[in-house]
file structure.cif (mmCIF, C-alpha atoms)
data_protein
#
loop_
_atom_site.label_atom_id
_atom_site.label_comp_id
_atom_site.auth_asym_id
_atom_site.auth_seq_id
_atom_site.Cartn_x
_atom_site.Cartn_y
_atom_site.Cartn_z
CA MET A 1 68.51 -111.02 91.90
CA THR A 2 69.06 -113.12 94.97
CA LYS A 3 66.68 -112.99 97.90
CA GLU A 4 69.36 -111.32 100.00
CA GLN A 5 69.76 -108.61 97.36
CA ILE A 6 66.02 -108.02 97.21
CA LEU A 7 65.77 -107.65 100.98
CA GLN A 8 68.83 -105.45 101.10
CA GLU A 9 67.72 -103.12 98.31
CA ALA A 10 64.25 -102.84 99.83
CA LYS A 11 65.74 -102.06 103.23
CA ALA A 12 67.83 -99.31 101.67
CA LEU A 13 64.59 -97.80 100.35
CA GLN A 14 62.80 -97.84 103.73
CA GLU A 15 63.09 -94.07 104.29
CA GLU A 16 62.00 -93.30 100.74
CA ILE A 17 58.98 -95.60 101.04
CA LYS A 18 58.16 -93.97 104.38
CA SER A 19 58.30 -90.54 102.79
CA HIS A 20 55.87 -91.65 100.06
CA ARG A 21 53.59 -92.97 102.77
CA LEU A 22 53.86 -89.72 104.72
CA TRP A 23 52.92 -87.64 101.68
CA LEU A 24 50.00 -89.90 100.78
CA HIS A 25 48.81 -90.01 104.39
CA THR A 26 48.76 -86.24 104.77
CA HIS A 27 46.99 -85.76 101.41
CA ALA A 28 44.23 -88.34 101.87
CA GLU A 29 41.60 -88.31 99.12
CA THR A 30 38.56 -90.51 98.56
CA GLY A 31 36.85 -92.43 95.78
CA PHE A 32 37.75 -91.35 92.27
CA ASP A 33 38.65 -87.83 93.45
CA LEU A 34 42.39 -88.34 93.63
CA THR A 35 43.30 -84.92 92.29
CA GLU A 36 46.61 -84.73 94.17
CA THR A 37 47.26 -88.42 94.86
CA LYS A 38 47.17 -89.66 91.28
CA PRO A 39 49.60 -87.01 89.97
CA TYR A 40 51.91 -87.71 92.92
CA VAL A 41 52.05 -91.44 92.15
CA LYS A 42 52.33 -90.80 88.43
CA SER A 43 55.24 -88.43 88.85
CA ALA A 44 57.03 -90.76 91.27
CA LEU A 45 56.79 -93.55 88.67
CA THR A 46 57.79 -91.25 85.82
CA GLU A 47 60.89 -90.18 87.76
CA MET A 48 61.85 -93.85 88.04
CA GLY A 49 61.68 -94.12 84.27
CA TYR A 50 58.22 -95.60 83.80
CA ALA A 51 55.84 -94.76 80.97
CA VAL A 52 52.64 -94.39 82.98
CA HIS A 53 49.18 -94.68 81.44
CA GLU A 54 45.97 -93.29 82.84
CA CYS A 55 43.32 -95.99 83.10
CA GLY A 56 39.65 -95.33 83.79
CA LYS A 57 38.43 -92.46 85.93
CA ALA A 58 41.50 -92.15 88.18
CA GLY A 59 43.67 -95.24 87.82
CA LEU A 60 47.27 -95.65 86.68
CA VAL A 61 48.91 -98.59 84.97
CA THR A 62 52.45 -99.27 83.81
CA THR A 63 54.66 -102.24 83.05
CA VAL A 64 58.25 -103.29 83.63
CA GLY A 65 60.13 -106.23 82.13
CA LYS A 66 59.97 -107.83 78.73
CA PRO A 67 57.23 -109.41 76.64
CA GLY A 68 57.15 -113.11 75.89
CA GLY A 69 57.28 -114.42 79.45
CA LYS A 70 54.71 -114.61 82.18
CA VAL A 71 52.85 -111.50 83.27
CA LEU A 72 52.13 -110.80 86.95
CA LEU A 73 49.93 -107.93 88.02
CA LEU A 74 50.76 -106.20 91.31
CA ARG A 75 48.05 -103.96 92.66
CA ALA A 76 47.87 -101.15 95.19
CA ASP A 77 44.88 -99.00 96.06
CA MET A 78 45.24 -95.24 96.55
CA ASP A 79 41.98 -94.01 98.09
CA ALA A 80 41.23 -93.04 101.69
CA LEU A 81 38.07 -92.87 103.81
CA PRO A 82 35.76 -89.97 104.69
CA ILE A 83 36.84 -90.16 108.34
CA ALA A 84 38.38 -87.33 110.37
CA GLU A 85 41.67 -88.64 111.73
CA GLU A 86 42.07 -88.94 115.52
CA ALA A 87 45.23 -91.05 115.51
CA ASP A 88 48.01 -90.25 117.94
CA VAL A 89 50.63 -89.51 115.29
CA ASP A 90 52.42 -86.28 114.46
CA PHE A 91 51.46 -86.56 110.79
CA ALA A 92 47.69 -86.90 111.18
CA CYS A 93 45.75 -85.84 108.10
CA LYS A 94 43.99 -82.53 108.65
CA ASN A 95 41.62 -82.44 105.68
CA GLY A 96 38.79 -84.51 107.19
CA ARG A 97 39.77 -87.61 105.25
CA MET A 98 41.98 -90.40 106.48
CA HIS A 99 44.01 -93.33 105.20
CA ALA A 100 42.41 -95.46 107.90
CA CYS A 101 42.55 -98.58 105.76
CA GLY A 102 46.27 -98.41 105.06
CA HIS A 103 46.04 -97.82 101.33
CA ASP A 104 48.82 -95.23 101.75
CA MET A 105 51.01 -98.12 102.98
CA HIS A 106 50.01 -100.26 99.98
CA THR A 107 50.78 -97.55 97.43
CA ALA A 108 54.08 -96.66 99.12
CA MET A 109 55.16 -100.33 99.18
CA LEU A 110 54.33 -100.78 95.51
CA LEU A 111 56.25 -97.61 94.64
CA GLY A 112 59.23 -99.09 96.48
CA ALA A 113 58.87 -102.34 94.55
CA ALA A 114 58.52 -100.41 91.30
CA LYS A 115 61.88 -98.72 91.89
CA ILE A 116 63.67 -102.02 92.51
CA LEU A 117 62.02 -103.74 89.54
CA LYS A 118 62.92 -100.87 87.22
CA ALA A 119 66.54 -100.95 88.34
CA HIS A 120 66.68 -104.65 87.44
CA GLU A 121 64.44 -104.55 84.38
CA SER A 122 66.94 -106.33 82.10
CA GLU A 123 67.12 -109.28 84.52
CA LEU A 124 63.37 -109.94 84.58
CA ASP A 125 62.11 -113.11 82.89
CA GLY A 126 58.70 -111.70 82.09
CA MET A 127 56.57 -108.67 82.68
CA VAL A 128 55.19 -107.04 85.80
CA LYS A 129 52.12 -104.90 85.46
CA LEU A 130 51.65 -102.28 88.16
CA MET A 131 48.07 -101.28 88.89
CA PHE A 132 47.35 -98.26 91.08
CA GLN A 133 43.62 -98.05 91.60
CA PRO A 134 41.19 -95.50 92.99
CA ALA A 135 37.83 -96.06 94.72
CA GLU A 136 38.51 -99.37 96.46
CA GLU A 137 36.45 -98.33 99.46
CA ILE A 138 33.35 -97.82 97.36
CA PHE A 139 33.96 -101.03 95.37
CA GLU A 140 34.10 -99.25 92.03
CA GLY A 141 37.75 -98.64 91.22
CA SER A 142 38.92 -102.03 89.99
CA LYS A 143 35.71 -102.56 88.02
CA ASP A 144 36.28 -99.21 86.33
CA MET A 145 39.90 -100.06 85.50
CA ILE A 146 38.94 -103.51 84.18
CA ALA A 147 36.34 -101.88 81.93
CA SER A 148 39.11 -99.56 80.75
CA GLY A 149 41.39 -102.46 79.83
CA VAL A 150 43.78 -102.86 82.77
CA LEU A 151 43.69 -106.63 82.30
CA GLU A 152 44.46 -106.49 78.56
CA ASN A 153 47.63 -105.90 76.51
CA PRO A 154 49.17 -107.79 78.10
CA ARG A 155 46.70 -109.94 80.02
CA PRO A 156 48.17 -110.93 83.40
CA ASP A 157 48.60 -114.64 84.12
CA ALA A 158 48.04 -113.89 87.78
CA ALA A 159 47.44 -110.97 90.12
CA LEU A 160 48.65 -110.19 93.63
CA MET A 161 47.82 -107.59 96.26
CA ILE A 162 48.86 -106.90 99.83
CA HIS A 163 46.62 -105.61 102.59
CA VAL A 164 48.02 -104.41 105.89
CA ALA A 165 46.21 -105.21 109.12
CA ALA A 166 46.56 -103.30 112.38
CA GLY A 167 45.17 -104.21 115.77
CA MET A 168 45.89 -107.90 115.14
CA PRO A 169 47.42 -109.98 117.93
CA LEU A 170 50.35 -110.81 115.66
CA PRO A 171 53.85 -109.36 115.53
CA ALA A 172 54.24 -106.79 112.74
CA GLY A 173 55.72 -108.41 109.67
CA GLN A 174 53.78 -111.67 109.84
CA TRP A 175 52.17 -112.71 106.58
CA TRP A 176 49.30 -114.95 105.89
CA SER A 177 47.33 -116.26 102.98
CA PRO A 178 44.63 -118.83 102.86
CA PRO A 179 45.34 -122.54 103.14
CA PRO A 180 45.18 -124.92 100.19
CA ALA A 181 41.73 -126.41 99.88
CA SER A 182 39.80 -128.47 97.39
CA ALA A 183 37.30 -125.75 96.67
CA PRO A 184 38.06 -122.12 95.86
CA LEU A 185 38.56 -120.33 99.12
CA ARG A 186 36.53 -117.43 100.08
CA ARG A 187 39.15 -115.41 101.82
CA THR A 188 37.16 -112.26 101.84
CA ILE A 189 33.49 -111.85 101.37
CA SER A 190 31.52 -109.05 100.39
CA PRO A 191 27.99 -108.32 99.58
CA SER A 192 28.36 -105.15 101.44
CA GLU A 193 24.95 -104.02 100.42
CA CYS A 194 25.59 -100.86 102.10
CA MET A 195 25.60 -97.16 102.29
CA ALA A 196 28.80 -97.19 104.28
CA ARG A 197 31.29 -99.56 105.79
CA ALA A 198 31.28 -99.16 109.53
CA VAL A 199 34.51 -99.37 111.43
CA THR A 200 33.88 -102.84 112.68
CA ALA A 201 30.91 -103.98 110.66
CA PRO A 202 32.31 -107.41 109.82
CA HIS A 203 33.28 -107.97 113.43
CA PRO A 204 30.36 -106.83 115.58
CA ARG A 205 31.53 -108.94 118.50
CA THR A 206 34.53 -106.63 118.86
CA ALA A 207 32.38 -103.55 119.15
CA LEU A 208 29.66 -102.17 121.33
CA THR A 209 26.92 -100.67 119.22
CA PRO A 210 25.10 -97.73 120.80
CA MET B 1 10.80 -94.57 107.03
CA HIS B 2 8.12 -92.21 105.88
CA GLY B 3 5.89 -90.78 108.59
CA LYS B 4 4.10 -87.50 108.92
CA GLY B 5 5.73 -84.62 110.68
CA CYS B 6 3.97 -82.53 113.30
CA HIS B 7 4.60 -80.58 116.50
CA GLY B 8 6.03 -82.74 119.23
CA SER B 9 3.29 -81.57 121.61
CA ALA B 10 0.58 -83.12 119.43
CA PRO B 11 1.68 -86.58 118.23
CA GLN B 12 -1.93 -87.46 117.40
CA ASN B 13 -1.62 -85.17 114.38
CA GLY B 14 1.33 -87.00 112.88
CA ILE B 15 2.92 -90.38 112.25
CA ASP B 16 6.24 -90.84 114.01
CA PRO B 17 8.86 -92.45 111.71
CA LEU B 18 11.36 -92.61 114.56
CA THR B 19 9.47 -94.99 116.83
CA ALA B 20 8.67 -97.22 113.87
CA ALA B 21 12.34 -97.24 112.86
CA ALA B 22 13.35 -98.07 116.43
CA HIS B 23 11.04 -101.10 116.43
CA ILE B 24 12.52 -102.18 113.09
CA LEU B 25 16.10 -101.88 114.36
CA ILE B 26 15.30 -104.23 117.25
CA ALA B 27 13.21 -106.60 115.14
CA LEU B 28 16.01 -107.08 112.58
CA GLN B 29 18.06 -108.83 115.26
CA GLU B 30 15.41 -111.58 115.33
CA ILE B 31 16.57 -112.77 111.92
CA HIS B 32 19.77 -114.01 113.52
CA ALA B 33 18.22 -115.05 116.81
CA ARG B 34 15.27 -117.02 115.45
CA GLU B 35 15.49 -117.54 111.70
CA LEU B 36 19.04 -118.36 110.63
CA SER B 37 20.49 -121.73 111.52
CA ALA B 38 23.71 -122.20 113.45
CA SER B 39 25.48 -122.93 110.16
CA ASP B 40 24.25 -119.84 108.34
CA GLU B 41 27.10 -117.39 108.71
CA ALA B 42 26.03 -113.79 108.33
CA VAL B 43 26.46 -110.32 109.72
CA LEU B 44 23.78 -107.64 109.73
CA THR B 45 24.83 -104.28 111.09
CA ILE B 46 22.88 -101.04 111.15
CA GLY B 47 25.55 -98.35 111.27
CA THR B 48 23.56 -95.16 110.72
CA PHE B 49 20.25 -93.94 112.12
CA HIS B 50 19.24 -90.38 111.29
CA ALA B 51 16.08 -88.39 111.89
CA GLY B 52 14.89 -85.03 113.03
CA GLU B 53 16.46 -81.70 113.81
CA ALA B 54 14.57 -80.40 116.81
CA GLY B 55 13.59 -82.02 120.09
CA ASN B 56 9.99 -80.79 119.95
CA VAL B 57 9.24 -81.80 116.36
CA ILE B 58 8.22 -85.19 115.01
CA PRO B 59 10.08 -85.44 111.70
CA ASP B 60 8.69 -86.59 108.36
CA THR B 61 11.31 -89.23 107.75
CA ALA B 62 13.96 -91.37 109.40
CA THR B 63 16.74 -93.21 107.60
CA MET B 64 18.82 -96.19 108.60
CA GLY B 65 21.85 -97.52 106.73
CA GLY B 66 23.84 -100.65 107.24
CA THR B 67 25.78 -103.52 105.81
CA ILE B 68 25.28 -107.25 105.46
CA ARG B 69 27.98 -109.86 104.98
CA THR B 70 27.33 -113.44 103.95
CA TYR B 71 29.23 -116.33 102.40
CA ASP B 72 26.57 -117.52 100.03
CA GLU B 73 23.96 -116.06 97.77
CA LYS B 74 21.12 -118.03 99.38
CA THR B 75 21.65 -116.59 102.85
CA ARG B 76 22.13 -113.16 101.34
CA ALA B 77 18.87 -113.39 99.39
CA TYR B 78 17.07 -114.58 102.53
CA LEU B 79 18.44 -111.70 104.61
CA LYS B 80 17.36 -109.16 102.01
CA GLU B 81 13.89 -110.65 101.71
CA ARG B 82 13.34 -110.73 105.47
CA MET B 83 14.81 -107.26 106.10
CA THR B 84 12.38 -105.87 103.57
CA ALA B 85 9.38 -107.76 104.93
CA ILE B 86 10.13 -106.88 108.56
CA ALA B 87 10.67 -103.20 107.78
CA GLN B 88 7.53 -102.88 105.70
CA SER B 89 5.28 -104.85 108.04
CA ILE B 90 6.39 -102.94 111.13
CA ALA B 91 6.06 -99.64 109.32
CA GLU B 92 2.54 -100.58 108.32
CA ALA B 93 1.69 -101.59 111.88
CA PHE B 94 2.58 -98.08 112.99
CA ARG B 95 0.85 -96.37 110.01
CA ALA B 96 4.19 -95.40 108.47
CA GLY B 97 5.81 -96.48 105.23
CA ALA B 98 9.19 -98.14 104.67
CA GLU B 99 11.37 -98.10 101.58
CA VAL B 100 14.15 -100.66 101.54
CA SER B 101 16.96 -100.57 99.02
CA PHE B 102 20.22 -102.45 98.62
CA GLY B 103 23.44 -101.22 97.02
CA SER B 104 25.31 -103.41 94.61
CA GLY B 105 28.18 -104.44 96.92
CA CYS B 106 30.97 -106.42 95.36
CA PRO B 107 31.42 -110.12 94.76
CA THR B 108 33.35 -112.63 96.86
CA LEU B 109 37.11 -112.42 96.52
CA VAL B 110 38.45 -115.80 95.47
CA ASN B 111 42.05 -116.58 96.34
CA ASP B 112 43.52 -118.97 93.78
CA LYS B 113 44.64 -122.22 95.40
CA ASP B 114 47.74 -122.81 93.25
CA LEU B 115 48.89 -119.21 93.45
CA SER B 116 48.34 -119.24 97.21
CA GLU B 117 50.54 -122.35 97.59
CA LYS B 118 53.26 -120.89 95.37
CA VAL B 119 53.34 -117.51 97.06
CA THR B 120 53.29 -118.99 100.57
CA GLY B 121 56.37 -120.95 99.47
CA TYR B 122 58.08 -117.78 98.18
CA LEU B 123 57.33 -116.02 101.47
CA LYS B 124 58.73 -118.81 103.62
CA ASP B 125 61.89 -118.88 101.45
CA LEU B 126 62.32 -115.12 101.57
CA LEU B 127 61.47 -114.39 105.19
CA GLY B 128 61.72 -117.69 107.01
CA ALA B 129 59.14 -120.35 107.81
CA ASN B 130 57.99 -118.56 110.96
CA ARG B 131 56.94 -115.37 109.18
CA ALA B 132 54.27 -116.75 106.83
CA PHE B 133 51.19 -118.70 107.77
CA THR B 134 48.10 -120.09 106.20
CA THR B 135 44.86 -118.72 107.56
CA ALA B 136 44.04 -122.18 108.91
CA GLU B 137 47.23 -122.16 110.97
CA LEU B 138 46.25 -118.78 112.38
CA SER B 139 42.68 -119.70 113.16
CA GLY B 140 43.46 -123.05 114.72
CA GLY B 141 41.95 -125.02 111.87
CA LYS B 142 38.66 -123.18 111.78
CA PRO B 143 37.23 -122.33 108.36
CA ALA B 144 39.42 -119.73 106.69
CA ARG B 145 37.08 -116.92 105.93
CA GLY B 146 37.28 -113.21 106.38
CA GLY B 147 34.45 -110.81 106.89
CA GLY B 148 35.87 -107.77 105.14
CA SER B 149 35.14 -106.71 101.60
CA GLU B 150 37.78 -106.12 98.97
CA ASP B 151 37.23 -104.60 95.57
CA PHE B 152 40.13 -106.71 94.20
CA ALA B 153 37.37 -109.36 94.00
CA TYR B 154 36.60 -108.14 90.48
CA VAL B 155 40.19 -108.86 89.40
CA SER B 156 40.04 -112.28 91.08
CA HIS B 157 37.08 -113.21 88.89
CA GLU B 158 39.15 -112.46 85.76
CA VAL B 159 42.61 -113.90 86.49
CA PRO B 160 44.02 -116.19 89.21
CA SER B 161 44.54 -113.84 92.12
CA LEU B 162 45.82 -113.68 95.65
CA MET B 163 45.25 -111.26 98.49
CA LEU B 164 48.12 -111.38 100.95
CA ALA B 165 47.66 -110.02 104.44
CA LEU B 166 50.49 -108.33 106.32
CA ALA B 167 50.32 -107.72 110.06
CA ALA B 168 51.23 -104.07 110.62
CA GLY B 169 50.48 -103.23 114.20
CA GLU B 170 50.20 -105.38 117.30
CA PRO B 171 47.92 -104.17 120.13
CA SER B 172 50.58 -104.80 122.80
CA LYS B 173 53.04 -102.62 120.86
CA GLY B 174 50.77 -99.58 120.78
CA TYR B 175 48.58 -100.43 117.79
CA PRO B 176 45.25 -101.44 119.35
CA TYR B 177 42.90 -100.10 116.69
CA PRO B 178 41.69 -101.92 113.57
CA GLN B 179 41.43 -100.53 110.06
CA HIS B 180 38.69 -97.93 109.49
CA HIS B 181 38.96 -96.71 113.08
CA PRO B 182 39.68 -92.95 113.34
CA LYS B 183 42.55 -93.73 115.74
CA VAL B 184 44.15 -96.54 113.75
CA LYS B 185 47.94 -96.45 113.38
CA PHE B 186 50.12 -98.69 111.25
CA ASP B 187 53.62 -99.93 112.00
CA GLU B 188 55.85 -98.49 109.28
CA SER B 189 58.62 -100.97 109.97
CA VAL B 190 56.86 -103.41 107.62
CA LEU B 191 57.11 -101.12 104.59
CA SER B 192 60.40 -102.23 103.09
CA THR B 193 59.58 -105.90 103.59
CA GLY B 194 56.28 -105.29 101.81
CA ALA B 195 58.15 -103.89 98.83
CA ALA B 196 60.58 -106.83 98.94
CA VAL B 197 57.69 -109.31 98.92
CA PHE B 198 56.15 -107.66 95.86
CA VAL B 199 59.53 -107.85 94.06
CA ASP B 200 60.35 -111.38 95.15
CA CYS B 201 56.92 -112.74 94.21
CA ALA B 202 57.25 -111.16 90.76
CA ILE B 203 60.73 -112.55 90.18
CA GLN B 204 59.91 -116.07 91.41
CA TYR B 205 56.60 -116.20 89.58
CA MET B 206 58.11 -115.12 86.25
CA LYS B 207 60.98 -117.58 86.67
CA GLU B 208 58.73 -120.64 87.07
#

call {"tool": "encode", "arguments": {"input": "structure.cif", "output": "structure tokens"}}
result
Amino acid sequence: MTKEQILQEAKALQEEIKSHRLWLHTHAETGFDLTETKPYVKSALTEMGYAVHECGKAGLVTTVGKPGGKVLLLRADMDALPIAEEADVDFACKNGRMHACGHDMHTAMLLGAAKILKAHESELDGMVKLMFQPAEEIFEGSKDMIASGVLENPRPDAALMIHVAAGMPLPAGQWWSPPPASAPLRRTISPSECMARAVTAPHPRTALTP
Amino acid sequence: MHGKGCHGSAPQNGIDPLTAAAHILIALQEIHARELSASDEAVLTIGTFHAGEAGNVIPDTATMGGTIRTYDEKTRAYLKERMTAIAQSIAEAFRAGAEVSFGSGCPTLVNDKDLSEKVTGYLKDLLGANRAFTTAELSGGKPARGGGSEDFAYVSHEVPSLMLALAAGEPSKGYPYPQHHPKVKFDESVLSTGAAVFVDCAIQYMKE
């Protein structure tokens, strides 16, 4: 596939990806309790022709391509936050939970990619492993899927994820990743020794705490 | 904070966990102001503070919850040690008791240097040089570190990994709120490009 083809096929899927996002957004679920979300994603993948495997408490994993080459894992998270939505959109979630971290965007984008990859499966030089994980917000989902073997048979040579960012003084569609450096970069830190992640906890200077 | 509840009209009969907790909340800020050095990067936020149900009752307990973010284990250990000592000493000063506990959090996400270089190259080829940046380019050369947490960290400790960030909502275009805000909105125009990037990265990576 040429780059032009990839962009063109993805563009043709824009409405379909949006409709996945809309469904996920209006059915926001949290943690491992993805009772509607997981079946939705599973059935979308199955319709594309994937053999989807359950992995851990609420994760899904599937592959596309052929064995023998390199294996790249692409990951999307599926869980929302226990926040009541107040966004000015006509599709606000009404169940008291909210995709306020954009995981609905991540899952929808990976479903779009899955469709394109499946349609070109015979042209792939290796294997792509698709990981749809629960419980990112409580830092338990990927650990649970790793314990359940998501990184085995086949073991990925590398792994990639996308995170959307709103409220950034950057035009939509700009990408960034960390710069090359001599030491491993700590792009994102963590020890959130916490009971909850506050809206702006990592950026207190942008907030006024009461 | 453990105190001793009583009628609000007779505080001498109880131990107020709320006033002790209030002193602790203020005192915790001293760790940054007077104990950490300019080069110790850390965040300590108390995000919840709960106690009591009635205005004329001193409650038995008060609870505070929060989050800390650091870039190294030493600073993190120091913060935890001092938070515990400050809470317990202040509680004792006011005849109350403090219990301090820390959740497990998740480790630091490590972006693989080689993968980061490769993928940045794929992105510039796919979308044009002006659509993909290194974090250093964005931050004007300042250290490239983020303060969020990402559970993908566990994967990054097993295989070379990369977290890519995609701008999806500019304040001047009607997207002023950040993630986790109840009013946050995302710009859906980025969706198809996101899918294309996943596909292109897979194809280029497998080809090499």

call {"tool": "residues_around", "arguments": {"input": "structure.cif", "residues": "Asp125 in chain B", "least_positions_apart": "2", "cutoff": "12 Å", "atoms": "all atoms listed in the file", "output": "MDAnalysis selection string"}}
result
(chainID A and resid 2:4 7) or (chainID B and resid 118:123 127:132 197 200:201 204)

call {"tool": "closest_residue", "arguments": {"input": "structure.cif", "among": "B:Leu36, B:Ala77, B:Leu166, B:Leu18", "to": "Phe49 in chain B", "atoms": "only C-alpha atoms"}}
result
B:Leu18

call {"tool": "closest_residue", "arguments": {"input": "structure.cif", "among": "A:Lys38, A:Lys70, A:Lys129, A:His27", "to": "chain B", "atoms": "all atoms listed in the file"}}
result
A:Lys70

call {"tool": "resolve_selection", "arguments": {"input": "structure.cif", "expression": "the PyMOL selection byres ((chain A and resi 172) around 12)", "output": "ChimeraX atom specification"}}
result
/A:164-171,173-176 /B:131-132,165-175,186-191,193-194

call {"tool": "atom_distance", "arguments": {"input": "structure.cif", "atom1": "CA of Asp104 in chain A", "atom2": "CA of Asp157 in chain A"}}
result
26.2 Å

call {"tool": "closest_residue", "arguments": {"input": "structure.cif", "among": "B:Met163, B:Ala62, B:Val43, B:Ile68", "to": "Ser116 in chain B", "atoms": "only C-alpha atoms"}}
result
B:Met163

call {"tool": "residues_around", "arguments": {"input": "structure.cif", "residues": "Met145 in chain A", "least_positions_apart": "4", "cutoff": "12 Å", "atoms": "only C-alpha atoms", "output": "ChimeraX atom specification"}}
result
/A:32,53-61,75,77,131-136,139-141,149-152 /B:151-152,154-155

call {"tool": "resolve_selection", "arguments": {"input": "structure.cif", "expression": "the PyMOL selection byres ((chain B and resi 61) around 6)", "output": "number ranges by chain"}}
result
B: 1-3, 17, 59-60, 62

call {"tool": "resolve_selection", "arguments": {"input": "structure.cif", "expression": "the PyMOL selection byres ((chain A and resi 50) around 10)", "output": "PyMOL selection string"}}
result
chain A and resi 42-49+51-53+61-64+114-115+118

call {"tool": "atom_distance", "arguments": {"input": "structure.cif", "atom1": "CA of Leu13 in chain A", "atom2": "CA of Gly65 in chain A"}}
result
20.6 Å

call {"tool": "atom_distance", "arguments": {"input": "structure.cif", "atom1": "CA of Ala22 in chain B", "atom2": "CA of Ser149 in chain B"}}
result
27.7 Å

call {"tool": "closest_residue", "arguments": {"input": "structure.cif", "among": "A:Cys101, A:Cys93, A:Pro67, A:Ser142", "to": "Tyr177 in chain B", "atoms": "all atoms listed in the file"}}
result
A:Cys101

call {"tool": "closest_residue", "arguments": {"input": "structure.cif", "among": "A:Ala10, A:Ser148, A:Ser19, A:Arg155", "to": "chain B", "atoms": "only C-alpha atoms"}}
result
A:Ala10

call {"tool": "closest_residue", "arguments": {"input": "structure.cif", "among": "B:Lys185, B:Leu126, B:His157, B:Thr19", "to": "Asp88 in chain A", "atoms": "all atoms listed in the file"}}
result
B:Lys185

call {"tool": "residues_around", "arguments": {"input": "structure.cif", "residues": "Asp112 in chain B", "least_positions_apart": "4", "cutoff": "7 Å", "atoms": "all atoms listed in the file", "output": "JSON, numbers by chain"}}
result
{"A": [184], "B": [116, 160, 161, 162]}
